[in-house]
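**Student:** Just passing along the structure, written as structure tokens.
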Amino acid sequence: MDTAEIRSRFLNHFAQRGHTVVPSASLVTQDPTLLLVNAGMVPFKPYFLGDLATPWPRATSVQKCVRTVDIENVGRTARHASFFQMCGNFSFGDYFKAEAIPFAFELLVDGFGFKPDDLWATVYLDDDEAERIWLDLLPAERIQRRGKEDNFWSMGVPGPCGPCSEIYFDRGSAYGREGGPIADEERYLEVWNLVFMQFERGEGAGYDYPILRELPARNIDTGMGLERMATILQGVDNLYEIDISRPVLDAAGRLTGRRYGADPADDVRLRVVADHTRTAAMLIADGVMPSNEGRGYVLRRLLRRAVRDARLLGAREPVMAELFGVVGAAMGPIYPELVDNAETITGVAVAEEASFAETLRTGTTIFDTAVRQVRSAGSATLGGDEAFKLHDTYGFPIDLTLEMAAEAGLSVDEAGFRRLMERQRQTAKADRASRRIGNVDLSAFRPILARSGPTTFTGYEELTRESGVVGLVGIADGAGLEVIGEGDEVGVVLDTTPFYAESGGQEPDFGLLRFDGGEVEVLDVQRPVPELVLHRVRVRSGELHLGDRVRAEVDEGRRRAVSRSHTATHLVHAAFRRALGEGATQAGSLNSPGRLRFDFHALGAVAPSVLADVEDEINEVALRDLPVHAFVTTQAEARRLGAMALFGEKYGDAVRVVDVGDYARELCGGTHVASSAQLGAVKLLSESSISAGTRRVEGLVGIDAFRYLAREHLLVSQLSTALKARPDELADRVTDIVGRLRDAERELDRLRAAAVLAG
């Protein structure tokens with residue numbers, strides 16, 4: 001049974017039992033406690049916690065997941081992978097153990113053809129209820145009780161949790177010893193985890209964490225690993241050999257001159273290459289770019305481990321282009337974005353491979369020198385400062401330093417390295433953090449949502465609004481407040497708001513909240529949860545009470561300047577795709593008052609002549625006074641109409657499309673001008689590289705562009721007067737003067753040297 005069929009049978013099984021089929025969410029999660037989605041339930045976390053009202057009583061999905069906590073085991077065991085697909089069924093207070101356990105058993109036996117005699121179950125130590133349900137399906141000797149480490153599930157961070165029941169498949173005596181999952185988890189392979197989501201956990205390391213409360217409802221969260229199920233149903237030894245992984249494994253062997261199955265050590269490295277390549281492709285497809293921080297560092301680490309293992313296996317030429325092509329062919333039927341964006345995805349990987357090749361050349365030399373110095377000093381530990389220098393100066397990832405040090409018989413002062421990294425991060429974040437709303441506990445918004453419902457945004461149609469204050473929240477602690485006074489800096493939630501919350505690269509609105517006897521300045525606007533808009537404010541005068549009415553007034557000049565920048569960014573995007581090809585897709589943007597920053601995918605620098613042509617085209621389009629029109633439609637219809645979806649962005653079923661005449665059409669939730677002529681002028685200032693395969697253009701819009709051009713004109717006029725040359729002659733005249741000056745300096749140096757010798 002191929003993977004696509006397993007996936008289809010799973011979703012159909014639960015759809016027939018009243019579950020809504022929900023598409024996989026992006027790997028890039030909005031959860032502030034996680035970098036990436038690491039479990040099938042992550043997109044549903046707000047529903048389990050009661051932070052948001054669930055759209056359905058029961059749901060089912062096949063969720064993309066990335067988990068790197070066990071990365072050292074990837075390739076070494078039959079069950080560890082950094083990317084996997086988690087099939088899940090979920091109940092949000094609708095059904096519980098009595099239905100969840102039989103649902104799973106029925107699918108395994110009737111849907112996938114498992115023999116009941118090959119199945120085992122485990123339950124939590126004190127879960128008598130789950131054991132009683134299992135006794136109707138399995139004999140008592142094949143039901144085992146296990147402790148918190150095995151049968152009490154959480155995300156590994158604060159959030160929903162609960163006892164679980166796991167289902168195991170007995171692979172037979174050839175794979176290990178008798179005795180059930182407690183005895184051997186290589187022979188008895190876990191295929192499904194049924195989590196009875198009842199509690200919320202707090203902070204704590206490992207399994208030492210407090211239970212904060214019971215959840216508002218008893219929920220079900222299950223996870224069946226698609227790759228692991230395919231391993232069993234396809235009769236192969238491990239998940240690297242299934243139909244959607246084996247082609248990548250074989251390609252890695254072909255490119256490195258090694259045959260899979262010939263040497264155990266080589267097999268481990270081949271599996272690492274295949275696994276990491278698949279994971280990297282999925283991350284890039286969801287908009288993650290290689291970097292030295294956060295999820296970008298996860299991607300960079302995976303790509304560089306894959307490249308290094310390929311080289312250690314014997315690859316002498318770049319391998320990423322071919323491997324990514326194979327990944328796209330194998331996974332494309334399930335995830336068509338791998339095919340639709342193949343050029344961009346592969347381009348990012350190829351550029352990172354080329355960058356890492358240079359890093360390996362320089363960094364390995366520095367590393368070898370450091371190793372010699374350590375040994376000559378009689379030590380067996382590479383200092384944290386050396387590891388930090390390798391990372392910060394030469395781009396050498398710490399995990400690579402650790403691996404190479406271990407191969408050289410040395411340890412690394414990893415704690416010292418982490419201290420230096422943390423110091424650098426804190427310095428870099430200090431300025432940004434001063435303006436942000438902060439990581440307020442999301443539980444602060446539960447009572448507001450329950451009491452008043454979602455915030456309605458009216459800012460597309462109006463810049464002022466009479467609104468009610470439905471929430472006052474402390475910025476530091478998230479505590480609910482009843483009243484705020486002069487000088488207080490807090491968060492305010494309104495029932496309706498014209499203020500745009502920062503998103504999609506567009507900076508937030510600023511402005512005022514006026515009320516009887518006082519005034520509040522709006523400093524920042526964010527969406528801490530999708531349904532609520534939180535205004536960070538400072539009280540200028542008076543006292544504002546929960547329940548008061550205010551007049552919300554957006555700073556009109558700032559809004560119009562930001563809107564001009566946002567519309568100009570759409571034109572920049574369209575112009576670069578026309579000039580460089582469809583692969584020049586947006587990788588990020590920042591729309592500020594009068595200024596734009598646009599990041600896009602490209603394998604090399606953009607020629608100055610192309611940059612000039614792009615600027616000229618944008619301004620020509622602006623002069624055409626094209627109408628800017630926004631409308632809401634389904635995602636399928638938007639794609640049929642040719643709307644450009646930003647690479648890696650997550651969209652719902654209903655999407656907002658913004659047209660600039662017949663020139664540009666994009667999915668976008670931001671604010672825009674009414675017509676292209678309102679941009680005035682667009683001036684592109686610079687083009688540069690920000691990472692492998694990603695370029696950045698910065699520009700000015702509107703009056704800021706005019707002021708810049710006026711200053712440039714004044715400077716040119718002054719230089720023309722001083723040098724007695726026409727503007728079109730200035731470049732040649734300056735080049736000539738600089739050349740003659742250098743000749744004079746060389747002649748002066750020669751005369752001085754001759755004078756010294758003569759003296």
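We name chains A, B, ... following the order of the structure tokens; residues begin at 1 in each chain, and ligands are numbered from 1 as shown.
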Taking 5 positions as the minimum chain separation for residues in the same chain, which residues sit within 9 Å of His80 of chain A when counting only C-alpha atoms? Answer as a list in words.
**Tutor:**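 Returned residues: Asp70, Ile71, Asn73, Val74, Gly75 and Leu239 of chain A.
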**Student:** Go ahead and dump the residues you just picked, N, CA, C and O atoms, as a PDB file, in the first residue's frame.
**Tutor:**
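part_9.pdb was written with the following content:
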```pdb
ATOM      1  N   ASP A  70      15.803  14.744  18.466  1.00  0.00           N
ATOM      2  CA  ASP A  70      16.508  13.455  18.381  1.00  0.00           C
ATOM      3  C   ASP A  70      17.348  13.362  17.114  1.00  0.00           C
ATOM      4  O   ASP A  70      17.524  12.281  16.555  1.00  0.00           O
ATOM      5  N   ILE A  71      17.892  14.492  16.665  1.00  0.00           N
ATOM      6  CA  ILE A  71      18.564  14.516  15.362  1.00  0.00           C
ATOM      7  C   ILE A  71      19.752  13.563  15.308  1.00  0.00           C
ATOM      8  O   ILE A  71      20.079  13.022  14.247  1.00  0.00           O
ATOM      9  N   ASN A  73      19.855  10.654  16.359  1.00  0.00           N
ATOM     10  CA  ASN A  73      19.384   9.289  16.096  1.00  0.00           C
ATOM     11  C   ASN A  73      18.893   9.104  14.666  1.00  0.00           C
ATOM     12  O   ASN A  73      18.606   7.979  14.251  1.00  0.00           O
ATOM     13  N   VAL A  74      18.762  10.223  13.928  1.00  0.00           N
ATOM     14  CA  VAL A  74      18.310  10.116  12.540  1.00  0.00           C
ATOM     15  C   VAL A  74      19.313   9.283  11.743  1.00  0.00           C
ATOM     16  O   VAL A  74      20.515   9.511  11.791  1.00  0.00           O
ATOM     17  N   GLY A  75      18.797   8.314  11.032  1.00  0.00           N
ATOM     18  CA  GLY A  75      19.647   7.436  10.233  1.00  0.00           C
ATOM     19  C   GLY A  75      20.142   6.230  10.988  1.00  0.00           C
ATOM     20  O   GLY A  75      20.557   5.240  10.378  1.00  0.00           O
ATOM     21  N   LEU A 239      11.809   3.593   7.808  1.00  0.00           N
ATOM     22  CA  LEU A 239      11.019   4.599   7.095  1.00  0.00           C
ATOM     23  C   LEU A 239      11.787   5.292   5.970  1.00  0.00           C
ATOM     24  O   LEU A 239      11.197   6.013   5.177  1.00  0.00           O
TER      25      LEU A 239
END
```
**Student:** Write down as number ranges by chain the residues belonging to segment 127-217 of chain A that are assigned strand (DSSP E) by DSSP computed on the backbone.
**Tutor:** A: 143-146, 152-154, 159-170, 188-201, 211-217
**Student:** Generate the output file for the selected residues, N, CA, C and O atoms, as a short mmCIF file (atom, residue, chain, number, x, y, z; two decimals), in the first residue's frame.
**Tutor:**
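Full text of result-v7.cif as output:
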```
data_model
loop_
_atom_site.label_atom_id
_atom_site.label_comp_id
_atom_site.auth_asym_id
_atom_site.auth_seq_id
_atom_site.Cartn_x
_atom_site.Cartn_y
_atom_site.Cartn_z
N ILE A 143 -1.81 -5.78 27.02
CA ILE A 143 -2.04 -4.40 27.47
C ILE A 143 -1.09 -4.13 28.62
O ILE A 143 -1.10 -4.84 29.63
N GLN A 144 -0.22 -3.15 28.46
CA GLN A 144 0.80 -2.86 29.47
C GLN A 144 0.63 -1.44 30.00
O GLN A 144 0.27 -0.52 29.26
N ARG A 145 0.93 -1.26 31.30
CA ARG A 145 0.87 0.07 31.91
C ARG A 145 2.28 0.65 31.98
O ARG A 145 3.23 -0.05 32.32
N ARG A 146 2.40 1.95 31.67
CA ARG A 146 3.71 2.61 31.69
C ARG A 146 3.59 3.97 32.36
O ARG A 146 2.49 4.52 32.51
N PHE A 152 2.39 9.73 29.16
CA PHE A 152 1.76 11.01 29.51
C PHE A 152 2.35 12.03 28.56
O PHE A 152 3.55 12.30 28.58
N TRP A 153 1.52 12.60 27.68
CA TRP A 153 2.03 13.36 26.54
C TRP A 153 1.87 14.85 26.74
O TRP A 153 0.86 15.33 27.25
N SER A 154 2.92 15.60 26.31
CA SER A 154 2.82 17.06 26.18
C SER A 154 3.69 17.47 25.00
O SER A 154 4.44 16.65 24.45
N GLY A 159 1.53 24.02 27.87
CA GLY A 159 0.41 23.86 26.96
C GLY A 159 -0.43 22.67 27.35
O GLY A 159 -0.29 22.10 28.45
N PRO A 160 -1.32 22.22 26.46
CA PRO A 160 -2.20 21.09 26.77
C PRO A 160 -1.42 19.79 26.89
O PRO A 160 -0.39 19.59 26.23
N CYS A 161 -1.92 18.89 27.74
CA CYS A 161 -1.25 17.60 27.96
C CYS A 161 -2.27 16.61 28.50
O CYS A 161 -3.41 16.97 28.80
N GLY A 162 -1.84 15.37 28.64
CA GLY A 162 -2.73 14.38 29.22
C GLY A 162 -2.17 12.97 29.09
O GLY A 162 -1.20 12.74 28.37
N PRO A 163 -2.79 12.02 29.79
CA PRO A 163 -2.36 10.62 29.67
C PRO A 163 -2.66 10.12 28.27
O PRO A 163 -3.51 10.67 27.55
N CYS A 164 -1.95 9.09 27.86
CA CYS A 164 -2.16 8.58 26.50
C CYS A 164 -2.14 7.07 26.48
O CYS A 164 -1.69 6.41 27.43
N SER A 165 -2.66 6.54 25.40
CA SER A 165 -2.62 5.11 25.14
C SER A 165 -1.95 4.91 23.79
O SER A 165 -2.38 5.49 22.79
N GLU A 166 -0.89 4.11 23.75
CA GLU A 166 -0.14 3.89 22.53
C GLU A 166 -0.42 2.49 21.99
O GLU A 166 -0.56 1.53 22.76
N ILE A 167 -0.46 2.41 20.66
CA ILE A 167 -0.69 1.13 20.00
C ILE A 167 0.59 0.71 19.30
O ILE A 167 1.22 1.51 18.59
N TYR A 168 0.99 -0.56 19.49
CA TYR A 168 2.24 -1.08 18.95
C TYR A 168 1.97 -2.28 18.04
O TYR A 168 1.03 -3.04 18.26
N PHE A 169 2.85 -2.42 17.05
CA PHE A 169 2.79 -3.56 16.13
C PHE A 169 4.00 -4.46 16.38
O PHE A 169 5.14 -3.99 16.41
N ASP A 170 3.74 -5.74 16.56
CA ASP A 170 4.81 -6.72 16.79
C ASP A 170 5.38 -7.13 15.44
O ASP A 170 4.73 -7.81 14.64
N TYR A 188 8.70 -4.12 18.85
CA TYR A 188 7.32 -3.64 19.02
C TYR A 188 7.32 -2.16 18.64
O TYR A 188 7.75 -1.30 19.41
N LEU A 189 6.85 -1.88 17.44
CA LEU A 189 6.96 -0.54 16.88
C LEU A 189 5.68 0.25 17.16
O LEU A 189 4.58 -0.18 16.80
N GLU A 190 5.82 1.41 17.79
CA GLU A 190 4.66 2.26 18.05
C GLU A 190 4.08 2.77 16.73
O GLU A 190 4.81 3.33 15.90
N VAL A 191 2.79 2.60 16.54
CA VAL A 191 2.16 3.06 15.30
C VAL A 191 1.13 4.16 15.54
O VAL A 191 0.77 4.89 14.61
N TRP A 192 0.65 4.30 16.77
CA TRP A 192 -0.40 5.29 17.01
C TRP A 192 -0.37 5.70 18.48
O TRP A 192 -0.22 4.85 19.36
N ASN A 193 -0.54 6.98 18.72
CA ASN A 193 -0.60 7.50 20.08
C ASN A 193 -1.93 8.22 20.26
O ASN A 193 -2.22 9.18 19.55
N LEU A 194 -2.73 7.75 21.19
CA LEU A 194 -4.03 8.35 21.48
C LEU A 194 -3.89 9.16 22.77
O LEU A 194 -3.71 8.59 23.84
N VAL A 195 -3.94 10.47 22.64
CA VAL A 195 -3.75 11.35 23.80
C VAL A 195 -5.11 11.82 24.29
O VAL A 195 -5.91 12.36 23.52
N PHE A 196 -5.32 11.65 25.60
CA PHE A 196 -6.56 12.09 26.23
C PHE A 196 -6.28 13.45 26.87
O PHE A 196 -5.84 13.56 28.01
N MET A 197 -6.49 14.49 26.09
CA MET A 197 -6.05 15.84 26.42
C MET A 197 -6.99 16.45 27.46
O MET A 197 -8.08 16.92 27.15
N GLN A 198 -6.52 16.45 28.72
CA GLN A 198 -7.37 16.87 29.83
C GLN A 198 -6.81 18.03 30.64
O GLN A 198 -7.55 18.68 31.37
N PHE A 199 -5.48 18.27 30.54
CA PHE A 199 -4.83 19.20 31.46
C PHE A 199 -3.99 20.23 30.70
O PHE A 199 -3.70 20.08 29.51
N GLU A 200 -3.56 21.26 31.43
CA GLU A 200 -2.58 22.22 30.94
C GLU A 200 -1.37 22.17 31.86
O GLU A 200 -1.51 22.26 33.08
N ARG A 201 -0.19 22.01 31.27
CA ARG A 201 1.05 21.94 32.04
C ARG A 201 1.75 23.28 32.07
O ARG A 201 1.53 24.14 31.21
N ILE A 211 1.11 20.50 36.80
CA ILE A 211 -0.17 20.55 36.10
C ILE A 211 -0.91 21.78 36.63
O ILE A 211 -1.21 21.88 37.82
N LEU A 212 -1.19 22.73 35.73
CA LEU A 212 -1.77 24.01 36.14
C LEU A 212 -3.27 23.94 36.36
O LEU A 212 -3.80 24.57 37.27
N ARG A 213 -3.96 23.18 35.50
CA ARG A 213 -5.42 23.16 35.59
C ARG A 213 -5.97 22.07 34.70
O ARG A 213 -5.26 21.51 33.85
N GLU A 214 -7.26 21.76 34.89
CA GLU A 214 -7.97 20.94 33.93
C GLU A 214 -8.42 21.84 32.78
O GLU A 214 -8.76 23.00 32.98
N LEU A 215 -8.40 21.30 31.56
CA LEU A 215 -8.84 22.06 30.40
C LEU A 215 -10.36 22.26 30.45
O LEU A 215 -11.06 21.50 31.14
N PRO A 216 -10.88 23.25 29.71
CA PRO A 216 -12.32 23.49 29.72
C PRO A 216 -13.15 22.29 29.27
O PRO A 216 -14.32 22.17 29.62
N ALA A 217 -12.55 21.43 28.44
CA ALA A 217 -13.26 20.24 27.96
C ALA A 217 -12.28 19.08 27.87
O ALA A 217 -11.07 19.27 27.79
#
```
**Student:** Grab the atom CA of Asp263 of chain A to atom CA of Gln234 of chain A distance for me, in Å with one decimal place.
**Tutor:**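 If I compute the distance from atom CA of Asp263 of chain A to atom CA of Gln234 of chain A, I get 23.0 Å.
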**Student:** Show which residues sit within 9 Å of Arg465 of chain A, as a VMD selection string. Count only C-alpha atoms, and ignore same-chain residues fewer than 4 positions away.
**Tutor:** chain A and resid 458 to 459 496 to 498 550 to 553
**Student:** Name the closest residue to His535 of chain A among the candidates A:Asp136, A:Asp126, A:Glu556, A:Glu489; distances are taken between atoms, counting only C-alpha atoms.
**Tutor:**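 Ranking A:Asp136, A:Asp126, A:Glu556, A:Glu489 by distance to His535 of chain A, first place goes to A:Glu489.
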**Student:** Excluding same-chain residues fewer than 3 positions from Ala681 of chain A, what lies within 7 Å of it counting only C-alpha atoms, as a PyMOL selection string?
**Tutor:** chain A and resi 619+701-702+705-706
**Student:** Which residue gives the smallest distance to Arg76 of chain A among A:Asn238, A:Thr694, A:Ser686, A:Ser503, with only C-alpha atoms counted?
**Tutor:** A:Asn238
**Student:** Which is closest to His601 of chain A among A:Ala321, A:Leu270, A:Ala584, A:Val614, if we use only C-alpha atoms?
**Tutor:**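 Nearest candidate to His601 of chain A out of A:Ala321, A:Leu270, A:Ala584, A:Val614: A:Ala584.
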**Student:** Could you list, as an MDAnalysis selection string, every residue within 8 Å of segment 357-370 of chain A, counting only C-alpha atoms and ignoring same-chain residues fewer than 2 positions away?
**Tutor:** chainID A and resid 353:355 372:374 382 386 390 394:396 401
**Student:** Could you save the residues just selected, with N, CA and C atoms, as an mmCIF file, in the first residue's frame?
**Tutor:**
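Now in result17.cif:
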```
data_model
loop_
_atom_site.group_PDB
_atom_site.id
_atom_site.type_symbol
_atom_site.label_atom_id
_atom_site.label_comp_id
_atom_site.auth_asym_id
_atom_site.auth_seq_id
_atom_site.Cartn_x
_atom_site.Cartn_y
_atom_site.Cartn_z
ATOM 1 N N GLU A 353 24.474 25.347 -0.450
ATOM 2 C CA GLU A 353 25.532 24.356 -0.645
ATOM 3 C C GLU A 353 26.819 25.032 -1.095
ATOM 4 N N ALA A 354 26.702 25.978 -2.031
ATOM 5 C CA ALA A 354 27.888 26.694 -2.515
ATOM 6 C C ALA A 354 28.516 27.524 -1.400
ATOM 7 N N SER A 355 27.667 28.171 -0.599
ATOM 8 C CA SER A 355 28.166 28.972 0.515
ATOM 9 C C SER A 355 28.881 28.093 1.538
ATOM 10 N N ARG A 372 45.402 22.001 16.784
ATOM 11 C CA ARG A 372 46.839 21.884 17.063
ATOM 12 C C ARG A 372 47.228 22.691 18.296
ATOM 13 N N GLN A 373 46.656 23.892 18.435
ATOM 14 C CA GLN A 373 46.966 24.734 19.587
ATOM 15 C C GLN A 373 46.475 24.092 20.881
ATOM 16 N N VAL A 374 45.289 23.502 20.851
ATOM 17 C CA VAL A 374 44.748 22.839 22.041
ATOM 18 C C VAL A 374 45.649 21.683 22.463
ATOM 19 N N LEU A 382 38.339 22.153 23.310
ATOM 20 C CA LEU A 382 38.348 23.364 22.486
ATOM 21 C C LEU A 382 37.520 24.422 23.207
ATOM 22 N N GLU A 386 36.773 29.908 21.019
ATOM 23 C CA GLU A 386 37.194 29.435 19.700
ATOM 24 C C GLU A 386 35.996 28.932 18.897
ATOM 25 N N LEU A 390 34.612 30.502 15.378
ATOM 26 C CA LEU A 390 34.352 29.701 14.186
ATOM 27 C C LEU A 390 32.934 29.947 13.672
ATOM 28 N N TYR A 394 33.421 32.755 10.813
ATOM 29 C CA TYR A 394 33.589 31.903 9.629
ATOM 30 C C TYR A 394 32.332 31.112 9.253
ATOM 31 N N GLY A 395 31.225 31.316 9.995
ATOM 32 C CA GLY A 395 29.971 30.654 9.654
ATOM 33 C C GLY A 395 29.965 29.162 9.904
ATOM 34 N N PHE A 396 30.843 28.687 10.817
ATOM 35 C CA PHE A 396 30.937 27.267 11.119
ATOM 36 C C PHE A 396 29.874 26.912 12.158
ATOM 37 N N THR A 401 31.178 21.850 14.548
ATOM 38 C CA THR A 401 32.369 21.929 15.403
ATOM 39 C C THR A 401 32.379 20.783 16.399
#
```
**Student:** Could you give me the residues within segment 192-427 of chain A that DSSP places in helix (DSSP H, G or I), as an NGL selection string?
**Tutor:** :A and (226-233 or 239-241 or 246-256 or 264-285 or 294-313 or 320-331 or 337-340 or 342-376 or 384-394 or 398-407 or 414-427)
**Student:** What's the 9 Å shell around segment 509-523 of chain A, counting only C-alpha atoms, without same-chain residues fewer than 6 positions away, as a tab-separated table (two decimals) with N, CA and C atoms, in the first residue's frame?
**Tutor:**
```tsv
chain	number	residue	atom	x	y	z
A	435	ARG	N	10.18	47.98	21.66
A	435	ARG	CA	8.97	48.47	21.00
A	435	ARG	C	7.87	47.42	20.92
A	486	GLU	N	-2.82	58.17	33.94
A	486	GLU	CA	-1.76	58.91	33.28
A	486	GLU	C	-0.39	58.26	33.49
A	498	PRO	N	-10.07	50.57	13.83
A	498	PRO	CA	-9.56	50.91	12.51
A	498	PRO	C	-8.05	50.77	12.43
A	499	PHE	N	-7.39	50.42	13.55
A	499	PHE	CA	-5.92	50.32	13.60
A	499	PHE	C	-5.46	49.00	12.98
A	500	TYR	N	-4.52	49.12	12.04
A	500	TYR	CA	-3.97	47.93	11.38
A	500	TYR	C	-2.90	47.31	12.28
A	501	ALA	N	-3.03	46.03	12.58
A	501	ALA	CA	-2.04	45.31	13.38
A	501	ALA	C	-0.91	44.83	12.47
A	502	GLU	N	0.31	44.98	12.92
A	502	GLU	CA	1.48	44.62	12.10
A	502	GLU	C	1.37	43.19	11.59
A	535	HIS	N	-3.69	46.82	21.29
A	535	HIS	CA	-3.06	48.12	21.09
A	535	HIS	C	-2.16	48.40	22.29
A	536	ARG	N	-0.87	48.57	22.06
A	536	ARG	CA	0.01	49.00	23.16
A	536	ARG	C	-0.09	50.52	23.24
A	537	VAL	N	-0.45	51.01	24.41
A	537	VAL	CA	-0.75	52.43	24.54
A	537	VAL	C	-0.02	53.04	25.74
A	538	ARG	N	0.08	54.35	25.71
A	538	ARG	CA	0.55	55.13	26.87
A	538	ARG	C	-0.51	56.19	27.16
A	539	VAL	N	-0.95	56.26	28.41
A	539	VAL	CA	-1.99	57.20	28.78
A	539	VAL	C	-1.39	58.59	28.92
A	540	ARG	N	-1.87	59.53	28.11
A	540	ARG	CA	-1.40	60.91	28.19
A	540	ARG	C	-2.13	61.69	29.29
A	541	SER	N	-3.44	61.45	29.42
A	541	SER	CA	-4.21	62.17	30.42
A	541	SER	C	-5.49	61.40	30.71
A	542	GLY	N	-6.03	61.63	31.91
A	542	GLY	CA	-7.29	61.03	32.30
A	542	GLY	C	-7.18	59.58	32.74
A	543	GLU	N	-8.34	58.99	33.08
A	543	GLU	CA	-8.41	57.60	33.47
A	543	GLU	C	-9.32	56.85	32.50
A	544	LEU	N	-8.85	55.72	32.00
A	544	LEU	CA	-9.63	54.90	31.07
A	544	LEU	C	-10.07	53.64	31.79
A	548	ASP	N	-15.39	51.55	28.90
A	548	ASP	CA	-15.54	52.90	28.38
A	548	ASP	C	-15.66	52.88	26.85
A	549	ARG	N	-16.21	53.95	26.31
A	549	ARG	CA	-16.23	54.18	24.87
A	549	ARG	C	-15.10	55.13	24.50
A	550	VAL	N	-14.44	54.89	23.39
A	550	VAL	CA	-13.35	55.76	22.93
A	550	VAL	C	-13.55	56.07	21.45
A	551	ARG	N	-12.93	57.17	21.03
A	551	ARG	CA	-12.87	57.48	19.60
A	551	ARG	C	-11.47	57.10	19.13
A	552	ALA	N	-11.38	56.03	18.34
A	552	ALA	CA	-10.10	55.54	17.82
A	552	ALA	C	-9.75	56.31	16.56
A	553	GLU	N	-8.59	56.98	16.57
A	553	GLU	CA	-8.17	57.82	15.45
A	553	GLU	C	-6.80	57.39	14.95
A	554	VAL	N	-6.75	56.86	13.75
A	554	VAL	CA	-5.49	56.44	13.14
A	554	VAL	C	-4.75	57.67	12.62
A	555	ASP	N	-3.44	57.70	12.81
A	555	ASP	CA	-2.59	58.75	12.23
A	555	ASP	C	-2.68	58.62	10.71
A	556	GLU	N	-3.43	59.55	10.08
A	556	GLU	CA	-3.72	59.43	8.66
A	556	GLU	C	-2.47	59.55	7.80
A	558	ARG	N	0.66	58.82	8.51
A	558	ARG	CA	1.47	57.60	8.59
A	558	ARG	C	0.81	56.47	7.80
A	559	ARG	N	-0.52	56.29	7.99
A	559	ARG	CA	-1.21	55.21	7.27
A	559	ARG	C	-1.05	55.37	5.77
A	562	VAL	N	2.53	54.48	4.68
A	562	VAL	CA	2.77	53.04	4.73
A	562	VAL	C	2.03	52.34	3.59
```
**Student:** Just checking: using only C-alpha atoms, which residue out of A:Pro32, A:Gly557, A:Gly253, A:Gly93 ends up closest to Phe48 of chain A?
**Tutor:**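 Looking only at the distances to Phe48 of chain A, the closest residue turns out to be A:Gly93.
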**Student:** Tell me which of A:Val69, A:Pro181, A:Arg278, A:Leu52 sits closest to Glu531 of chain A, counting only C-alpha atoms.
**Tutor:**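 Nearest to Glu531 of chain A: A:Leu52.
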